[in-house]
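The structure file entry-v3.pdb is reproduced below (PDB, C-alpha atoms).
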ATOM      1  CA  MET C 304       0.000   0.000   0.000
ATOM      2  CA  PRO C 305       2.718   2.594   0.790
ATOM      3  CA  ILE C 306       4.322   1.861  -2.598
ATOM      4  CA  ASP C 307       1.011   2.607  -4.313
ATOM      5  CA  ILE C 308       0.749   5.924  -2.486
ATOM      6  CA  LEU C 309       4.268   6.926  -3.517
ATOM      7  CA  GLN C 310       3.685   5.862  -7.113
ATOM      8  CA  ASN C 311       0.441   7.850  -7.255
ATOM      9  CA  ARG C 312       2.166  10.929  -5.836
ATOM     10  CA  HIS C 313       4.931  10.578  -8.401
ATOM     11  CA  ARG C 314       2.367  10.312 -11.209
ATOM     12  CA  GLU C 315       0.469  13.344  -9.919
ATOM     13  CA  ASN C 316       3.683  15.371  -9.688
ATOM     14  CA  ARG C 317       4.689  14.363 -13.202
ATOM     15  CA  ARG C 318       1.259  15.284 -14.570
ATOM     16  CA  ALA C 319       1.539  18.684 -12.893
ATOM     17  CA  GLU C 320       4.988  19.204 -14.469
ATOM     18  CA  ILE C 321       3.658  18.259 -17.902
ATOM     19  CA  ALA C 322       0.681  20.608 -17.497
ATOM     20  CA  THR C 323       2.980  23.467 -16.466
ATOM     21  CA  ASP C 324       5.270  22.824 -19.431
ATOM     22  CA  ALA C 325       2.295  22.715 -21.795
ATOM     23  CA  GLN C 326       0.939  26.008 -20.466
ATOM     24  CA  GLN C 327       4.341  27.650 -20.859
ATOM     25  CA  THR C 328       4.726  26.300 -24.375
ATOM     26  CA  LEU C 329       1.305  27.632 -25.380
ATOM     27  CA  ALA C 330       2.100  31.019 -23.853
ATOM     28  CA  ASP C 331       5.385  31.097 -25.770
ATOM     29  CA  PHE C 332       3.599  30.135 -28.984
ATOM     30  CA  TYR C 333       0.960  32.834 -28.611
ATOM     31  CA  THR C 334       3.596  35.478 -27.918
ATOM     32  CA  GLY C 335       5.362  34.592 -31.160
ATOM     33  CA  LYS C 336       8.350  32.618 -29.892
ATOM     34  CA  PHE C 337       7.379  29.723 -32.166
ATOM     35  CA  ARG C 338       6.099  29.680 -35.716
ATOM     36  CA  HIS C 339       3.440  27.553 -37.389
ATOM     37  CA  GLN C 340       4.885  24.404 -38.957
ATOM     38  CA  SER C 341       3.455  21.350 -40.579
ATOM     39  CA  ALA C 342       3.916  17.997 -38.910
ATOM     40  CA  GLN C 343       6.135  16.935 -41.811
ATOM     41  CA  ASP C 344       8.419  19.940 -41.265
ATOM     42  CA  VAL C 345       8.757  19.117 -37.577
ATOM     43  CA  ILE C 346       9.521  15.453 -38.269
ATOM     44  CA  SER C 347      12.105  16.434 -40.876
ATOM     45  CA  ALA C 348      13.735  18.906 -38.497
ATOM     46  CA  LEU C 349      13.969  16.181 -35.849
ATOM     47  CA  GLY C 350      15.674  13.869 -38.332
ATOM     48  CA  GLY C 351      12.696  11.591 -38.839
ATOM     49  CA  VAL C 352      11.413   9.865 -41.923
ATOM     50  CA  SER C 353      10.881  12.208 -44.846
TER
END
This entry written out as structure tokens:
Amino acid sequence: MPIDILQNRHRENRRAEIATDAQQTLADFYTGKFRHQSAQDVISALGGVS
């Protein structure tokens, strides 16, 4: 049972981190720090399949 509690806390903390990162990324996007790109452009820039 204590392991489950710790695992749940870890998951909750991670979800909160992801949510914070997502909010910051959206704020950055809306202020013009990022530009619109197609999915293909992003994949190509990351070195994925073209």
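For the atom pair formed by CA of Phe332 in chain C and CA of Glu315 in chain C, the distance is 25.6 Å, given to one decimal.
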TODO: Grab the CA of Lys336 in chain C to CA of Arg318 in chain C distance for me, in Å with one decimal place.
DONE: 24.2 Å
Box centre and edge lengths (Å, one decimal), axis-aligned, range 308-311 of chain C plus 8 Å each side, as JSON:
{"center_x": 2.4, "center_y": 6.9, "center_z": -4.9, "size_x": 19.8, "size_y": 18.0, "size_z": 20.8}
Open item on the list: Please compute the CA of Thr334 in chain C-CA of Ser347 in chain C distance, one decimal, in Å.
Closed with: 24.6 Å
Could you add the missing atoms to range 314-340 of chain C, up to N, CA and C atoms, and return them as a CSV table (one decimal), keeping the file's coordinate frame?
chain,number,residue,atom,x,y,z
C,314,ARG,N,3.2,10.1,-10.0
C,314,ARG,CA,2.4,10.3,-11.2
C,314,ARG,C,1.7,11.7,-11.2
C,315,GLU,N,1.1,12.0,-10.0
C,315,GLU,CA,0.5,13.3,-9.9
C,315,GLU,C,1.5,14.5,-10.1
C,316,ASN,N,2.6,14.3,-9.5
C,316,ASN,CA,3.7,15.4,-9.7
C,316,ASN,C,4.1,15.5,-11.1
C,317,ARG,N,4.3,14.4,-11.8
C,317,ARG,CA,4.7,14.4,-13.2
C,317,ARG,C,3.6,15.0,-14.1
C,318,ARG,N,2.4,14.7,-13.8
C,318,ARG,CA,1.3,15.3,-14.6
C,318,ARG,C,1.3,16.8,-14.4
C,319,ALA,N,1.5,17.2,-13.2
C,319,ALA,CA,1.5,18.7,-12.9
C,319,ALA,C,2.7,19.3,-13.7
C,320,GLU,N,3.8,18.7,-13.7
C,320,GLU,CA,5.0,19.2,-14.5
C,320,GLU,C,4.6,19.3,-16.0
C,321,ILE,N,4.0,18.3,-16.5
C,321,ILE,CA,3.7,18.3,-17.9
C,321,ILE,C,2.7,19.4,-18.2
C,322,ALA,N,1.7,19.6,-17.3
C,322,ALA,CA,0.7,20.6,-17.5
C,322,ALA,C,1.3,22.0,-17.5
C,323,THR,N,2.3,22.2,-16.6
C,323,THR,CA,3.0,23.5,-16.5
C,323,THR,C,3.8,23.7,-17.7
C,324,ASP,N,4.5,22.7,-18.2
C,324,ASP,CA,5.3,22.8,-19.4
C,324,ASP,C,4.4,23.1,-20.6
C,325,ALA,N,3.2,22.5,-20.7
C,325,ALA,CA,2.3,22.7,-21.8
C,325,ALA,C,1.8,24.1,-21.8
C,326,GLN,N,1.4,24.6,-20.6
C,326,GLN,CA,0.9,26.0,-20.5
C,326,GLN,C,2.0,27.0,-20.9
C,327,GLN,N,3.3,26.8,-20.5
C,327,GLN,CA,4.3,27.6,-20.9
C,327,GLN,C,4.6,27.6,-22.4
C,328,THR,N,4.5,26.4,-22.9
C,328,THR,CA,4.7,26.3,-24.4
C,328,THR,C,3.6,27.0,-25.2
C,329,LEU,N,2.4,26.9,-24.7
C,329,LEU,CA,1.3,27.6,-25.4
C,329,LEU,C,1.5,29.1,-25.2
C,330,ALA,N,1.9,29.6,-24.1
C,330,ALA,CA,2.1,31.0,-23.9
C,330,ALA,C,3.2,31.5,-24.8
C,331,ASP,N,4.3,30.7,-24.9
C,331,ASP,CA,5.4,31.1,-25.8
C,331,ASP,C,4.9,31.1,-27.2
C,332,PHE,N,4.1,30.2,-27.6
C,332,PHE,CA,3.6,30.1,-29.0
C,332,PHE,C,2.8,31.4,-29.3
C,333,TYR,N,1.9,31.7,-28.4
C,333,TYR,CA,1.0,32.8,-28.6
C,333,TYR,C,1.7,34.2,-28.6
C,334,THR,N,2.8,34.2,-27.9
C,334,THR,CA,3.6,35.5,-27.9
C,334,THR,C,4.6,35.6,-29.1
C,335,GLY,N,4.6,34.5,-29.9
C,335,GLY,CA,5.4,34.6,-31.2
C,335,GLY,C,6.7,34.0,-31.1
C,336,LYS,N,7.0,33.2,-30.0
C,336,LYS,CA,8.4,32.6,-29.9
C,336,LYS,C,8.5,31.4,-30.8
C,337,PHE,N,7.4,30.9,-31.3
C,337,PHE,CA,7.4,29.7,-32.2
C,337,PHE,C,6.6,30.1,-33.4
C,338,ARG,N,6.9,29.4,-34.5
C,338,ARG,CA,6.1,29.7,-35.7
C,338,ARG,C,5.3,28.4,-36.1
C,339,HIS,N,4.3,28.7,-36.9
C,339,HIS,CA,3.4,27.6,-37.4
C,339,HIS,C,4.3,26.7,-38.3
C,340,GLN,N,4.2,25.4,-38.1
C,340,GLN,CA,4.9,24.4,-39.0
C,340,GLN,C,4.0,23.2,-39.2
